[in-house]
Amino acid sequence: MHLDKILPLAAFTATLLLVSPLAAQNGPASVEGVVSAYDDGSAISGATVEVVGASVGVLTDKAGRYMLGGISPGTISLRFIRIGFTTLTKTITLGADEAVVVDAELGTAPLRMDPIRVLLKRTRMVGDPLGTDAVPGAVHVLVREDLDSPAFVFDNVHDFLRQVPGVNIQEEDGFGLRPNIGLRGTGAERSAKITLMEDGVLIAPAPYAAPSAYYFPVAGRMEALEVRKGSSQIRYGPRTIGGALNLVSASIPDRLTWFVEGSGGEYGSLQGHARAGASGARFGWLLEAYSLGTDGFKELPNGTGTGFDVDDYMAKVRVNSDLLGESYQELELKLGYTTEASDETYLGLTDEDFGRNPLARYPASGSDLMEADHSQIQLRYFWAGGNADVTTTAYRNDFSRNWYKLQSVLGTSISGVLGKPDDHAVALGILKGGSSAPDALRLRANNREYFAQGVQSSLGLSLGRHEVELGARFHQDEEDRFQWEDGFQMLDGSLRLTSSGEPGTQSNRVSSATAVAVFLQDEISLGPWIITPGVRFEHIDFKRLDYAGDDPTRTSPTRTRVNQIRAWIPGVGFSFRRRALSLFGGVHRGFGPPGPGADKATRSESSVNYEVGVRWRRSGLAAEATGFLTSYDNILGQATLATGGDGSGQAFNGGNARVAGVEASLDYDLAWAVRGVTRVPLRLAYTFTRASFRSGFVSEYDPWGTVEAGDRLPYLPEHQLSGSIAYDQTAWSLSISMNASGAMRTQAGFGPIPAGQGTDSFVVFNASGKVQLNERGTLFAGLQNLTNRIHSVARRPAGLRPGLPRTLVVGFRIEGGR
């Protein structure tokens with residue numbers, strides 16, 4: 001074994017083994033226990049357990065268990081808080097190195113409406129993680145403890161979501177800069193077929209007109225990720241086939257808290273994260289800054305970087321009335337700004353070159369650069385009184401980006417060259433650094449600006465057994481393309497500019513959408529049963545204006561496309577709960593608009609979706625299994641550069657298709673029966689998906705091509721598995737996690753995957769550890785891809801692309817408050 005392969009593992013092991021004993025010497029005390037309901041003894045998850053007057057605090061897990069370490073010896077007060085339950089405080093005395101068990105039983109809070117609980121229900125997909133058993137559909141929430149693992153060295157949202165069954169992921173750059181996320185087989189390209197939100201507000205660059213997520217919220221600053229599927233997600237259109245993903249930003253804390261976190265590691269990687277906030281009786285605030293950068297793990301012959309730099313800033317302020325008054329109201333303003341500069345490319349490798357060095361990059365991609373900035377503003381008003389509440393949010397998102405990247409060589413697109421390298425030997429030689437004539441290579445400035453704005457409001461009514469919610473949204477968005485191409489010559493392995501294009505000459509168009517959406521949902525409680533019928537209506541006006549390349553001032557469009565879409569989206573779900581057992585299911589209509597570039601023959605994406613599932617929670621065990629079926633009347637594909645197409649955005653009908661599968665998850669503490677300060681949590685998530693076309697056709701959409709009935713859909717593995725096991729002490733912890741996936745075909749087909757038309761199956765292991773030094777300080781280390789398993793993750797946009805190689809990161813966290 002080479003020295004460079006064993007050094008990261010040795011450094012990781014040494015860091016934890018040397019520091020762990022130091023943390024255990026004459027150290028702080030610890031507390032652990034179980035928080036349960038006084039009425040029936042059921043576990044209470046998501047309860048806050050904190051040391052009064054200190055910065056130490058945690059949330060209980062799904063089994064109601066908590067562990068608090070790093071506590072200074074002496075007399076302390078422990079406070080147990082959970083929305084919907086009474087707050088409990090216990091006073092205990094701790095000696096040095098002492099470990100104490102403190103259980104807590106919380107009584108049900110008075111029936112008076114809790115306005116904060118109502119607000120969470122209106123602004124999050126899962127207002128209360130404790131109430132997921134009553135949700136009539138598959139739902140998963142990843143909270144802070146799930147997102148803070150040091151094994152996720154780049155805070156890649158793909159790594160976070162692998163913990164959730166039913167999520168389909170296609171890696172592209174190894175960092176998650178441009179996530180490709182699908183739900184239940186919808187297709188993952190640029191996350192364009194799911195409803196993507198931040199704090200309950202649509203967050204894709206132009207959610208209706210151009211939903212491809214070239215901007216994606218920085219997952220590393222989120223306090224939770226919510227995934228909702230099934231009939232219950234029709235509240236969150238416009239796309240209702242697979243499901244919705246909501247990224248929850250940090251909430252304004254109820255007391256002064258702050259933290260500073262920093263880490264560094266291989267490939268020149270550096271991360272910094274700081275947050276501070278506080279609340280008074282009538283005012284609250286929060287400030288946050290996040291920065292992440294790396295030189296990159298791919299290798300250009302001239303040694304220049306292939307990484308990125310991302311900086312993200314957020315601020316929130318809130319004014320509110322008396323929480324205990326007859327009615328409650330608050331006004332919250334949220335501001336955000338993100339910048340990115342990344343040396344990313346669409347150019348991959350041939351199979352032969354990938355076999356030689358999967359981390360290589362061809363010299364022709366050396367000038368590729370994405371520059372982007374995003375700003376957001378949200379103003380939310382909330383009022384609650386009696387049996388009614390109103391939540392109204394006005395929002396505006398602006399996004400501009402210019403991805404300057406290689407488009408073609410000798411007149412052939414890079415996807416065409418890499419797709420058939422033997423037919424384009426001369427062009428391939430130029431990509432590898434062979435000398436060329438002037439203008440042989442074309443680099444395109446994919447210069448685009450987006451905005452999305454609107455107002456959404458919901459009215460909630462509590463009417464006996466009925467919890468009624470009526471919501472409406474007025475939304476506008478736009479994508480403005482003003483692109484050009486420059487000519488380059490390859491000389492001595494370097495690119496030289498030989499001609500400059502004029503802005504607007506390659507693509508000069510504006511696509512826009514205006515949408516009005518309304519939904520009505522009634523949650524009917526009938527003893528252990530909850531029945532939830534609902535309906536959504538979408539009215540969308542699309543417009544696309546194409547201008548001539550020699551008309552930069554846009555005096556008159558050369559072509560105007562207008563199309564109007566109306567859709568009724570009904571659904572009904574149910575849940576049944578009896579102690580530890582919960583059953584749920586539902587049926588709803590799936591819908592996805594075709595976009596402003598659609599011609600008259602292009603239909604909306606539509607389906608009928610079914611699911612049925614079971615949950616079990618008892619004695620440290622939380623298990624769930626769901627079967628689902630999506631029957632498409634019409635499935636759509638779209639020709640984008642990201643899929644290896646021409647970038648026209650043209651949508652293609654795929655006709656009937658069927659996606660069926662099973663999702664399963666398991667969380668269990670192997671040390672549940674052993675009382676003490678040790679936990680051994682085990683987590684598993686498995687997804688089986690089988691997706692096939694039900695009719696044959698010929699398509700100009702490259703991933704489909706000529707399709708016969710029964711052909712499998714591309715970029716969708718049948719089997720996915722993730723798991724983790726940890727050993728948690730109050731002062732330190734170690735964890736091993738694993739992600740595995742079957743091979744994916746990259747072209748629609750049936751039977752064994754032909755050579756050159758698939759990606760690798762893989763099993764990747766990660767390791768992480770933490771050491772708590774005292775009440776304020778923690779050291780951590782993460783090692784991703786422990787065995788350095790280098791595998792192909794995609795063949796698009798152009799050629800094979802590798803996953804992240806073994807990467808070590810070490811860091812610290814300091815926190816405080818009162």
# chains A, B, ... in the order shown; residues from 1 in each chain; ligands from 1
>>> residues_around(residues="range 575-582 of chain A", least_positions_apart="5", cutoff="10 Å", atoms="only C-alpha atoms", output="list in words")
Asp40, Ser42, Ala43, Thr132, Asp133, Ala134, Val135, Pro136, Gly137, Ser525, Leu526, Gly527, Pro528, Trp529, Ile530, Ile531, Thr532, Val612, Gly613, Val614, Arg615, Trp616, Arg617, Arg618, Ser619, Leu621, Ala622, Ala623 and Glu624 of chain A
>>> select_by_dssp(residues="range 557-690 of chain A", states="strand (DSSP E)", output="number ranges by chain")
A: 559-578, 581-592, 605-618, 621-634, 636-638, 651-653, 657-669, 681-690
>>> closest_residue(among="A:Ala250, A:Val31, A:Leu459, A:Ala372", to="Asn387 in chain A", atoms="only C-alpha atoms")
A:Leu459
>>> residues_around(residues="range 296-304 of chain A", least_positions_apart="5", cutoff="8 Å", atoms="only C-alpha atoms", output="list in words")
Tyr267, Gly268, Ser269, Leu359, Ala360, Arg361, Tyr362, Pro363, Gly366, Leu804 and Pro805 of chain A
>>> write_last_selection(atoms="C-alpha atoms", output="compact mmCIF listing (two decimals), in the first residue's frame")
# COMPACT_ATOMS: atom_id res chain seq x y z
CA TYR A 267 -7.15 19.22 -1.47
CA GLY A 268 -6.72 22.57 0.25
CA SER A 269 -10.21 22.37 1.71
CA LEU A 359 -9.38 11.91 -11.44
CA ALA A 360 -7.86 13.40 -14.60
CA ARG A 361 -9.31 16.33 -16.52
CA TYR A 362 -8.54 17.09 -20.14
CA PRO A 363 -6.59 20.32 -20.83
CA GLY A 366 -8.88 24.31 -18.13
CA LEU A 804 -15.27 11.89 -4.40
CA PRO A 805 -12.01 10.08 -3.53
>>> residues_around(residues="Ile414 in chain A", least_positions_apart="5", cutoff="7 Å", atoms="only C-alpha atoms", output="list in words")
Leu347, Gln407, Ser408, Val409 and Ala798 of chain A
>>> residues_around(residues="Leu491 in chain A", least_positions_apart="2", cutoff="7 Å", atoms="only C-alpha atoms", output="PyMOL selection string")
chain A and resi 435-436+489+493-495
>>> select_by_dssp(residues="range 307-414 of chain A", states="helix (DSSP H, G or I)", output="list of chain:residue names")
A:Asp351, A:Glu352, A:Asp353, A:Phe354, A:Gly355, A:Arg356, A:Pro363, A:Ala364, A:Ser365, A:Ile414
>>> write_last_selection(atoms="C-alpha atoms", output="PDB file, in the first residue's frame")
ATOM      1  CA  ASP A 351     -13.803   4.799 -20.641  1.00  0.00           C
ATOM      2  CA  GLU A 352     -10.180   4.155 -21.533  1.00  0.00           C
ATOM      3  CA  ASP A 353      -8.883   7.331 -19.911  1.00  0.00           C
ATOM      4  CA  PHE A 354     -11.109   6.852 -16.871  1.00  0.00           C
ATOM      5  CA  GLY A 355      -9.497   3.443 -16.414  1.00  0.00           C
ATOM      6  CA  ARG A 356      -6.028   5.029 -16.460  1.00  0.00           C
ATOM      7  CA  PRO A 363      -6.589  20.319 -20.830  1.00  0.00           C
ATOM      8  CA  ALA A 364      -9.458  21.628 -22.968  1.00  0.00           C
ATOM      9  CA  SER A 365     -11.528  22.138 -19.791  1.00  0.00           C
ATOM     10  CA  ILE A 414     -18.323  17.502 -26.370  1.00  0.00           C
TER      11      ILE A 414
END
>>> closest_atom_pairs(of="range 72-98 of chain A", to="range 113-118 of chain A", cutoff="12 Å", atoms="only C-alpha atoms", output="tab-separated table")
residue	atom	partner	partner_atom	distance
A:Arg82	CA	A:Arg117	CA	10.1
A:Ile83	CA	A:Arg117	CA	6.5
A:Gly84	CA	A:Asp114	CA	7.3
A:Phe85	CA	A:Asp114	CA	10.2
A:Thr86	CA	A:Asp114	CA	11.6
>>> closest_residue(among="A:Arg745, A:Arg318, A:Lys770, A:Arg442", to="Val793 in chain A", atoms="only C-alpha atoms")
A:Arg745
>>> residues_around(residues="Thr787 in chain A", least_positions_apart="2", cutoff="8 Å", atoms="only C-alpha atoms", output="PyMOL selection string")
chain A and resi 764-765+785+789+806
>>> atom_distance(atom1="CA of Thr706 in chain A", atom2="CA of Ile635 in chain A")
15.2 Å
>>> residues_around(residues="range 239-249 of chain A", least_positions_apart="6", cutoff="8 Å", atoms="only C-alpha atoms", output="PyMOL selection string")
chain A and resi 124-125+182-186+193-200+217+219+221-230+233+589-593+606-607+609+630
>>> closest_residue(among="A:Thr553, A:Thr339, A:Gln476, A:Gln378", to="Val516 in chain A", atoms="only C-alpha atoms")
A:Gln476
>>> closest_residue(among="A:Thr514, A:Thr498, A:Ser413, A:Ser556", to="Ile540 in chain A", atoms="only C-alpha atoms")
A:Thr514
>>> atom_distance(atom1="CA of Lys543 in chain A", atom2="CA of Gly237 in chain A")
19.8 Å
>>> decode(residues="range 745-782 of chain A", atoms="N, CA and C atoms", output="mmCIF file, in the first residue's frame")
data_model
loop_
_atom_site.group_PDB
_atom_site.id
_atom_site.type_symbol
_atom_site.label_atom_id
_atom_site.label_comp_id
_atom_site.auth_asym_id
_atom_site.auth_seq_id
_atom_site.Cartn_x
_atom_site.Cartn_y
_atom_site.Cartn_z
ATOM 1 N N ARG A 745 -28.194 2.318 -15.640
ATOM 2 C CA ARG A 745 -28.060 2.441 -17.085
ATOM 3 C C ARG A 745 -28.190 3.913 -17.443
ATOM 4 N N THR A 746 -27.439 4.367 -18.434
ATOM 5 C CA THR A 746 -27.478 5.760 -18.853
ATOM 6 C C THR A 746 -28.284 5.946 -20.130
ATOM 7 N N GLN A 747 -28.786 4.852 -20.664
ATOM 8 C CA GLN A 747 -29.629 4.880 -21.852
ATOM 9 C C GLN A 747 -30.784 3.923 -21.602
ATOM 10 N N ALA A 748 -31.993 4.335 -21.961
ATOM 11 C CA ALA A 748 -33.146 3.456 -21.783
ATOM 12 C C ALA A 748 -32.892 2.119 -22.472
ATOM 13 N N GLY A 749 -33.272 1.034 -21.819
ATOM 14 C CA GLY A 749 -33.053 -0.284 -22.392
ATOM 15 C C GLY A 749 -33.536 -1.367 -21.447
ATOM 16 N N PHE A 750 -33.280 -2.624 -21.840
ATOM 17 C CA PHE A 750 -33.748 -3.764 -21.045
ATOM 18 C C PHE A 750 -32.645 -4.813 -20.996
ATOM 19 N N GLY A 751 -32.627 -5.568 -19.902
ATOM 20 C CA GLY A 751 -31.634 -6.629 -19.760
ATOM 21 C C GLY A 751 -30.329 -6.104 -19.206
ATOM 22 N N PRO A 752 -29.249 -6.875 -19.368
ATOM 23 C CA PRO A 752 -27.936 -6.438 -18.873
ATOM 24 C C PRO A 752 -27.548 -5.093 -19.488
ATOM 25 N N ILE A 753 -26.884 -4.270 -18.705
ATOM 26 C CA ILE A 753 -26.492 -2.944 -19.179
ATOM 27 C C ILE A 753 -25.324 -3.089 -20.150
ATOM 28 N N PRO A 754 -25.465 -2.620 -21.396
ATOM 29 C CA PRO A 754 -24.369 -2.756 -22.367
ATOM 30 C C PRO A 754 -23.152 -1.939 -21.945
ATOM 31 N N ALA A 755 -21.997 -2.366 -22.404
ATOM 32 C CA ALA A 755 -20.764 -1.622 -22.142
ATOM 33 C C ALA A 755 -20.891 -0.222 -22.715
ATOM 34 N N GLY A 756 -20.450 0.753 -21.951
ATOM 35 C CA GLY A 756 -20.511 2.136 -22.394
ATOM 36 C C GLY A 756 -21.847 2.799 -22.176
ATOM 37 N N GLN A 757 -22.794 2.082 -21.536
ATOM 38 C CA GLN A 757 -24.125 2.660 -21.299
ATOM 39 C C GLN A 757 -24.532 2.537 -19.835
ATOM 40 N N GLY A 758 -23.552 2.578 -18.939
ATOM 41 C CA GLY A 758 -23.898 2.459 -17.535
ATOM 42 C C GLY A 758 -22.847 3.085 -16.642
ATOM 43 N N THR A 759 -23.197 3.176 -15.353
ATOM 44 C CA THR A 759 -22.264 3.618 -14.324
ATOM 45 C C THR A 759 -21.955 2.441 -13.411
ATOM 46 N N ASP A 760 -20.971 2.613 -12.562
ATOM 47 C CA ASP A 760 -20.564 1.545 -11.658
ATOM 48 C C ASP A 760 -21.546 1.395 -10.494
ATOM 49 N N SER A 761 -21.704 0.172 -10.041
ATOM 50 C CA SER A 761 -22.257 -0.020 -8.707
ATOM 51 C C SER A 761 -21.154 0.322 -7.710
ATOM 52 N N PHE A 762 -21.534 0.645 -6.494
ATOM 53 C CA PHE A 762 -20.500 1.028 -5.541
ATOM 54 C C PHE A 762 -20.949 0.800 -4.112
ATOM 55 N N VAL A 763 -19.951 0.640 -3.246
ATOM 56 C CA VAL A 763 -20.123 0.647 -1.792
ATOM 57 C C VAL A 763 -19.038 1.563 -1.245
ATOM 58 N N VAL A 764 -19.437 2.633 -0.570
ATOM 59 C CA VAL A 764 -18.498 3.621 -0.037
ATOM 60 C C VAL A 764 -18.676 3.695 1.472
ATOM 61 N N PHE A 765 -17.559 3.613 2.193
ATOM 62 C CA PHE A 765 -17.584 3.714 3.656
ATOM 63 C C PHE A 765 -16.998 5.051 4.096
ATOM 64 N N ASN A 766 -17.570 5.588 5.170
ATOM 65 C CA ASN A 766 -17.091 6.827 5.765
ATOM 66 C C ASN A 766 -16.882 6.615 7.260
ATOM 67 N N ALA A 767 -16.001 7.396 7.847
ATOM 68 C CA ALA A 767 -15.755 7.321 9.289
ATOM 69 C C ALA A 767 -15.716 8.729 9.860
ATOM 70 N N SER A 768 -16.152 8.856 11.086
ATOM 71 C CA SER A 768 -16.128 10.169 11.727
ATOM 72 C C SER A 768 -16.018 10.006 13.234
ATOM 73 N N GLY A 769 -15.601 11.055 13.889
ATOM 74 C CA GLY A 769 -15.493 11.033 15.337
ATOM 75 C C GLY A 769 -15.513 12.425 15.914
ATOM 76 N N LYS A 770 -15.947 12.530 17.167
ATOM 77 C CA LYS A 770 -15.977 13.795 17.884
ATOM 78 C C LYS A 770 -15.418 13.600 19.280
ATOM 79 N N VAL A 771 -14.788 14.630 19.794
ATOM 80 C CA VAL A 771 -14.313 14.647 21.172
ATOM 81 C C VAL A 771 -14.750 15.971 21.791
ATOM 82 N N GLN A 772 -15.545 15.886 22.863
ATOM 83 C CA GLN A 772 -15.986 17.094 23.550
ATOM 84 C C GLN A 772 -14.990 17.425 24.657
ATOM 85 N N LEU A 773 -14.328 18.572 24.517
ATOM 86 C CA LEU A 773 -13.289 18.951 25.459
ATOM 87 C C LEU A 773 -13.845 19.547 26.740
ATOM 88 N N ASN A 774 -14.895 20.347 26.602
ATOM 89 C CA ASN A 774 -15.547 20.977 27.749
ATOM 90 C C ASN A 774 -16.917 21.464 27.301
ATOM 91 N N GLU A 775 -17.524 22.343 28.100
ATOM 92 C CA GLU A 775 -18.870 22.809 27.773
ATOM 93 C C GLU A 775 -18.919 23.546 26.442
ATOM 94 N N ARG A 776 -17.829 24.146 26.046
ATOM 95 C CA ARG A 776 -17.849 24.986 24.857
ATOM 96 C C ARG A 776 -17.131 24.389 23.655
ATOM 97 N N GLY A 777 -16.142 23.542 23.868
ATOM 98 C CA GLY A 777 -15.267 23.142 22.781
ATOM 99 C C GLY A 777 -15.402 21.698 22.353
ATOM 100 N N THR A 778 -15.372 21.464 21.045
ATOM 101 C CA THR A 778 -15.428 20.121 20.466
ATOM 102 C C THR A 778 -14.429 20.035 19.324
ATOM 103 N N LEU A 779 -13.719 18.912 19.257
ATOM 104 C CA LEU A 779 -12.888 18.583 18.115
ATOM 105 C C LEU A 779 -13.562 17.479 17.319
ATOM 106 N N PHE A 780 -13.400 17.505 16.002
ATOM 107 C CA PHE A 780 -14.011 16.458 15.188
ATOM 108 C C PHE A 780 -13.119 16.135 14.001
ATOM 109 N N ALA A 781 -13.332 14.963 13.441
ATOM 110 C CA ALA A 781 -12.610 14.523 12.244
ATOM 111 C C ALA A 781 -13.546 13.685 11.398
ATOM 112 N N GLY A 782 -13.417 13.799 10.097
ATOM 113 C CA GLY A 782 -14.218 13.010 9.171
ATOM 114 C C GLY A 782 -13.358 12.467 8.053
#
